[in-house]
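> My structure is stored as entry08.cif, with mmCIF, N, CA and C atoms.
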```
data_model
#
loop_
_atom_site.label_atom_id
_atom_site.label_comp_id
_atom_site.auth_asym_id
_atom_site.auth_seq_id
_atom_site.Cartn_x
_atom_site.Cartn_y
_atom_site.Cartn_z
N MET A 1 96.89 101.60 53.89
CA MET A 1 95.68 100.84 54.15
C MET A 1 95.82 100.02 55.44
N ALA A 2 97.01 99.47 55.68
CA ALA A 2 97.20 98.65 56.88
C ALA A 2 97.01 99.48 58.14
N SER A 3 97.47 100.74 58.14
CA SER A 3 97.29 101.57 59.34
C SER A 3 95.82 101.86 59.59
N GLN A 4 95.03 101.98 58.53
CA GLN A 4 93.59 102.17 58.69
C GLN A 4 92.97 100.94 59.35
N TYR A 5 93.38 99.77 58.94
CA TYR A 5 92.88 98.54 59.56
C TYR A 5 93.31 98.45 61.02
N ASN A 6 94.55 98.86 61.30
CA ASN A 6 95.03 98.82 62.69
C ASN A 6 94.18 99.71 63.58
N GLU A 7 93.79 100.87 63.09
CA GLU A 7 92.93 101.77 63.85
C GLU A 7 91.57 101.12 64.09
N THR A 8 91.02 100.50 63.07
CA THR A 8 89.72 99.83 63.19
C THR A 8 89.81 98.69 64.20
N ILE A 9 90.87 97.92 64.12
CA ILE A 9 91.07 96.81 65.05
C ILE A 9 91.19 97.33 66.48
N ARG A 10 91.93 98.41 66.68
CA ARG A 10 92.12 98.98 68.02
C ARG A 10 90.77 99.41 68.62
N VAL A 11 89.91 100.03 67.80
CA VAL A 11 88.61 100.49 68.29
C VAL A 11 87.69 99.30 68.58
N PHE A 12 87.61 98.35 67.66
CA PHE A 12 86.73 97.20 67.89
C PHE A 12 87.21 96.34 69.06
N LYS A 13 88.53 96.25 69.25
CA LYS A 13 89.06 95.46 70.36
C LYS A 13 88.56 96.01 71.70
N ALA A 14 88.36 97.32 71.77
CA ALA A 14 87.88 97.94 73.00
C ALA A 14 86.51 97.41 73.41
N PHE A 15 85.72 96.97 72.45
CA PHE A 15 84.36 96.52 72.72
C PHE A 15 84.24 95.00 72.81
N CYS A 16 85.35 94.29 72.72
CA CYS A 16 85.30 92.82 72.62
C CYS A 16 85.71 92.11 73.90
N ASP A 17 85.35 92.66 75.03
CA ASP A 17 85.68 92.01 76.29
C ASP A 17 84.60 92.36 77.31
N GLU A 18 84.17 91.38 78.06
CA GLU A 18 83.10 91.58 79.05
C GLU A 18 83.48 92.63 80.11
N ASN A 19 84.73 92.59 80.57
CA ASN A 19 85.16 93.57 81.57
C ASN A 19 85.14 94.98 81.01
N ARG A 20 85.60 95.15 79.77
CA ARG A 20 85.61 96.49 79.17
C ARG A 20 84.19 96.99 78.94
N LEU A 21 83.29 96.12 78.55
CA LEU A 21 81.89 96.54 78.39
C LEU A 21 81.29 96.93 79.74
N SER A 22 81.67 96.21 80.78
CA SER A 22 81.20 96.54 82.12
C SER A 22 81.76 97.89 82.58
N ILE A 23 83.00 98.16 82.27
CA ILE A 23 83.60 99.45 82.59
C ILE A 23 82.86 100.56 81.86
N LEU A 24 82.60 100.37 80.57
CA LEU A 24 81.89 101.39 79.80
C LEU A 24 80.49 101.63 80.34
N ALA A 25 79.82 100.57 80.78
CA ALA A 25 78.49 100.73 81.35
C ALA A 25 78.55 101.61 82.60
N ARG A 26 79.55 101.42 83.42
CA ARG A 26 79.70 102.24 84.62
C ARG A 26 80.05 103.69 84.28
N LEU A 27 80.85 103.88 83.23
CA LEU A 27 81.26 105.23 82.85
C LEU A 27 80.14 106.01 82.15
N ARG A 28 79.12 105.31 81.68
CA ARG A 28 78.00 106.02 81.03
C ARG A 28 77.26 106.93 82.00
N THR A 29 77.40 106.68 83.29
CA THR A 29 76.74 107.53 84.28
C THR A 29 77.63 108.70 84.71
N GLY A 30 78.85 108.75 84.21
CA GLY A 30 79.75 109.85 84.53
C GLY A 30 81.13 109.37 84.92
N GLU A 31 81.99 110.31 85.20
CA GLU A 31 83.38 110.04 85.56
C GLU A 31 83.46 109.16 86.80
N LYS A 32 84.41 108.22 86.77
CA LYS A 32 84.59 107.31 87.91
C LYS A 32 86.07 107.22 88.26
N CYS A 33 86.33 107.15 89.54
CA CYS A 33 87.69 106.93 90.03
C CYS A 33 88.07 105.47 89.80
N ALA A 34 89.33 105.24 89.50
CA ALA A 34 89.80 103.86 89.32
C ALA A 34 89.52 103.05 90.58
N CYS A 35 89.59 103.68 91.74
CA CYS A 35 89.34 102.95 92.99
C CYS A 35 87.91 102.41 93.03
N ASN A 36 86.94 103.19 92.53
CA ASN A 36 85.56 102.73 92.49
C ASN A 36 85.36 101.63 91.46
N LEU A 37 86.03 101.75 90.33
CA LEU A 37 85.93 100.70 89.31
C LEU A 37 86.49 99.39 89.85
N LEU A 38 87.60 99.47 90.57
CA LEU A 38 88.20 98.27 91.17
C LEU A 38 87.22 97.60 92.12
N GLU A 39 86.58 98.39 92.94
CA GLU A 39 85.59 97.86 93.90
C GLU A 39 84.41 97.22 93.19
N ASP A 40 83.85 97.96 92.23
CA ASP A 40 82.66 97.50 91.53
C ASP A 40 82.91 96.22 90.73
N LEU A 41 84.05 96.16 90.06
CA LEU A 41 84.33 95.05 89.15
C LEU A 41 84.98 93.86 89.85
N ARG A 42 85.54 94.10 91.03
CA ARG A 42 86.24 93.05 91.76
C ARG A 42 87.33 92.40 90.93
N ILE A 43 88.16 93.27 90.37
CA ILE A 43 89.33 92.82 89.61
C ILE A 43 90.56 93.46 90.25
N THR A 44 91.72 92.97 89.89
CA THR A 44 92.95 93.52 90.44
C THR A 44 93.32 94.81 89.72
N GLN A 45 94.19 95.58 90.36
CA GLN A 45 94.63 96.84 89.78
C GLN A 45 95.36 96.62 88.44
N PRO A 46 96.25 95.62 88.33
CA PRO A 46 96.89 95.39 87.03
C PRO A 46 95.88 95.02 85.93
N THR A 47 94.84 94.29 86.29
CA THR A 47 93.81 93.93 85.31
C THR A 47 93.05 95.16 84.87
N LEU A 48 92.70 96.03 85.81
CA LEU A 48 92.01 97.27 85.45
C LEU A 48 92.91 98.12 84.55
N SER A 49 94.18 98.23 84.90
CA SER A 49 95.12 99.02 84.09
C SER A 49 95.19 98.51 82.66
N HIS A 50 95.20 97.20 82.52
CA HIS A 50 95.24 96.58 81.19
C HIS A 50 94.01 96.99 80.37
N HIS A 51 92.84 96.86 80.97
CA HIS A 51 91.60 97.19 80.26
C HIS A 51 91.51 98.70 79.97
N MET A 52 91.94 99.52 80.92
CA MET A 52 91.87 100.96 80.70
C MET A 52 92.84 101.40 79.61
N LYS A 53 93.98 100.75 79.51
CA LYS A 53 94.94 101.07 78.44
C LYS A 53 94.31 100.80 77.08
N ILE A 54 93.63 99.68 76.95
CA ILE A 54 92.98 99.34 75.68
C ILE A 54 91.89 100.36 75.36
N LEU A 55 91.07 100.71 76.35
CA LEU A 55 90.00 101.68 76.13
C LEU A 55 90.55 103.07 75.80
N CYS A 56 91.61 103.47 76.49
CA CYS A 56 92.21 104.78 76.24
C CYS A 56 92.93 104.81 74.90
N ASP A 57 93.66 103.74 74.56
CA ASP A 57 94.34 103.68 73.26
C ASP A 57 93.36 103.74 72.10
N ALA A 58 92.16 103.22 72.32
CA ALA A 58 91.13 103.26 71.29
C ALA A 58 90.47 104.64 71.21
N GLY A 59 90.73 105.48 72.20
CA GLY A 59 90.13 106.82 72.22
C GLY A 59 88.73 106.85 72.78
N ILE A 60 88.25 105.74 73.30
CA ILE A 60 86.89 105.64 73.81
C ILE A 60 86.79 106.25 75.22
N VAL A 61 87.88 106.12 75.98
CA VAL A 61 87.92 106.58 77.37
C VAL A 61 89.11 107.51 77.54
N GLN A 62 88.95 108.49 78.42
CA GLN A 62 90.06 109.37 78.76
C GLN A 62 90.28 109.34 80.26
N GLY A 63 91.53 109.52 80.66
CA GLY A 63 91.86 109.51 82.07
C GLY A 63 92.33 110.88 82.53
N ARG A 64 92.04 111.18 83.79
CA ARG A 64 92.46 112.44 84.40
C ARG A 64 93.06 112.10 85.76
N LYS A 65 94.35 112.43 85.93
CA LYS A 65 95.04 112.12 87.19
C LYS A 65 94.75 113.22 88.21
N ASP A 66 94.41 112.77 89.41
CA ASP A 66 94.16 113.69 90.52
C ASP A 66 94.75 113.05 91.77
N GLY A 67 95.90 113.55 92.19
CA GLY A 67 96.59 112.93 93.32
C GLY A 67 97.12 111.57 92.91
N LYS A 68 96.83 110.56 93.73
CA LYS A 68 97.33 109.22 93.40
C LYS A 68 96.34 108.42 92.56
N TRP A 69 95.16 108.97 92.31
CA TRP A 69 94.15 108.23 91.57
C TRP A 69 93.94 108.81 90.17
N VAL A 70 93.43 107.96 89.30
CA VAL A 70 93.05 108.39 87.95
C VAL A 70 91.53 108.29 87.87
N TYR A 71 90.94 109.32 87.31
CA TYR A 71 89.49 109.36 87.10
C TYR A 71 89.24 109.18 85.61
N TYR A 72 88.37 108.25 85.28
CA TYR A 72 88.10 107.91 83.90
C TYR A 72 86.71 108.37 83.48
N SER A 73 86.60 108.74 82.21
CA SER A 73 85.31 109.11 81.64
C SER A 73 85.30 108.73 80.17
N ILE A 74 84.11 108.64 79.63
CA ILE A 74 83.96 108.36 78.20
C ILE A 74 84.34 109.62 77.43
N ASP A 75 85.11 109.45 76.39
CA ASP A 75 85.55 110.58 75.55
C ASP A 75 84.55 110.74 74.40
N PRO A 76 83.74 111.79 74.42
CA PRO A 76 82.71 111.97 73.38
C PRO A 76 83.29 111.98 71.96
N ALA A 77 84.45 112.59 71.77
CA ALA A 77 85.06 112.62 70.44
C ALA A 77 85.46 111.21 69.99
N GLY A 78 85.98 110.42 70.93
CA GLY A 78 86.36 109.05 70.61
C GLY A 78 85.16 108.19 70.28
N VAL A 79 84.06 108.42 70.96
CA VAL A 79 82.82 107.67 70.69
C VAL A 79 82.32 108.01 69.28
N GLU A 80 82.33 109.28 68.94
CA GLU A 80 81.90 109.69 67.60
C GLU A 80 82.79 109.07 66.54
N HIS A 81 84.09 109.02 66.81
CA HIS A 81 85.03 108.41 65.87
C HIS A 81 84.74 106.91 65.71
N ALA A 82 84.43 106.24 66.81
CA ALA A 82 84.09 104.81 66.75
C ALA A 82 82.83 104.60 65.92
N LYS A 83 81.86 105.50 66.05
CA LYS A 83 80.62 105.40 65.25
C LYS A 83 80.93 105.53 63.77
N VAL A 84 81.82 106.44 63.42
CA VAL A 84 82.21 106.64 62.02
C VAL A 84 82.88 105.38 61.48
N ILE A 85 83.78 104.81 62.26
CA ILE A 85 84.47 103.59 61.83
C ILE A 85 83.47 102.46 61.63
N LEU A 86 82.54 102.29 62.55
CA LEU A 86 81.53 101.24 62.41
C LEU A 86 80.68 101.48 61.16
N GLU A 87 80.26 102.70 60.96
CA GLU A 87 79.45 103.01 59.78
C GLU A 87 80.22 102.74 58.49
N GLN A 88 81.49 103.09 58.46
CA GLN A 88 82.31 102.82 57.27
C GLN A 88 82.40 101.32 56.99
N GLN A 89 82.51 100.53 58.04
CA GLN A 89 82.63 99.09 57.86
C GLN A 89 81.32 98.46 57.38
N LEU A 90 80.20 99.09 57.67
CA LEU A 90 78.90 98.50 57.34
C LEU A 90 78.20 99.17 56.16
N THR A 91 78.83 100.16 55.57
CA THR A 91 78.23 100.86 54.44
C THR A 91 78.46 100.07 53.16
N PHE A 92 77.38 99.81 52.46
CA PHE A 92 77.44 99.10 51.19
C PHE A 92 77.99 100.04 50.13
N SER A 93 79.03 99.62 49.44
CA SER A 93 79.66 100.49 48.44
C SER A 93 78.97 100.40 47.08
N GLY A 94 78.22 99.34 46.84
CA GLY A 94 77.49 99.21 45.58
C GLY A 94 78.31 98.60 44.45
N SER A 95 79.60 98.47 44.63
CA SER A 95 80.41 97.87 43.58
C SER A 95 80.90 96.51 44.04
N SER A 96 80.46 95.51 43.34
CA SER A 96 80.85 94.14 43.69
C SER A 96 81.11 93.38 42.42
N ARG A 97 82.24 92.69 42.41
CA ARG A 97 82.55 91.85 41.25
C ARG A 97 82.67 90.42 41.72
N GLU A 98 81.94 89.54 41.07
CA GLU A 98 82.04 88.13 41.40
C GLU A 98 83.08 87.50 40.51
N ASN A 99 83.82 86.55 41.07
CA ASN A 99 84.86 85.87 40.31
C ASN A 99 84.30 84.73 39.54
#
```
Please express the file's structure as structure tokens.

Amino acid sequence: MASQYNETIRVFKAFCDENRLSILARLRTGEKCACNLLEDLRITQPTLSHHMKILCDAGIVQGRKDGKWVYYSIDPAGVEHAKVILEQQLTFSGSSREN
């Protein structure tokens, strides 16, 4: 059960930061080079790497290395998985016992 919670926490953590939401907004229009994300967001490379690690670990974003740059895009399978996790968390089970 704890590993299931860890997965849920990892996915929700990806959506709990203004910079990560801004990155996702930019990626909704298609694949972006890390160099363009750095320019657009005006953050440092280590900061971008930190946010991309969280997004990639959650399965929401995938990276593709080409030369010295990494190109990021939204991972459709990861997005569907995040939707399932959210739905599971919000689905009423119908069984409730009051103490």
> For the atom pair CA of Gly59 in chain A and CA of Gly78 in chain A, what is the interatomic distance in Å to one decimal place?
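Distance between the two atoms: 4.7 Å.
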> Pick the closest to Met52 in chain A from A:Ser93, A:Arg20, A:Tyr5, A:Arg10: which is it, counting all atoms listed in the file?
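Ranking A:Ser93, A:Arg20, A:Tyr5, A:Arg10 by distance to Met52 in chain A, first place goes to A:Arg20.
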> Nearest to Ser73 in chain A among A:Asn36, A:Gly94, A:Arg28, A:His51, with distances taken over only N, CA and C atoms: which residue is it?
A:Arg28
> Quick one, how far is CA of Ser22 in chain A from atom N of Val84 in chain A?
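Going from CA of Ser22 in chain A over to atom N of Val84 in chain A, I get 21.2 Å.
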> Report as a PyMOL selection string: the residues of chain A with a DSSP assignment of alpha helix (DSSP H), based on the backbone of this structure.
chain A and resi 2-14+18-27+34-41+45-57+76-90
> Can you measure CA of Val70 in chain A to CA of Ala34 in chain A for me? One decimal in Å is fine.
5.7 Å
> Evaluate the PyMOL selection byres ((chain A and resi 79-83) around 8) and record the selected residues as a ChimeraX atom specification, following the chain and residue labels used in the document.
/A:11-12,58-61,74-78,84-89
> Given only N, CA and C atoms as the basis, pick out the residue of A:Leu41, A:Cys35, A:Leu48, A:Leu55 nearest to Phe15 in chain A.
A:Leu55
> Which residues in range 13-88 of chain A does DSSP call strand (DSSP E or B)? List them as a count of residues only.
14
> Kindly resolve the PyMOL selection byres ((chain A and resi 72) around 5) on the present coordinates and return the residues as an MDAnalysis selection string.
chainID A and resid 31:33 62:64 70:71 73:74
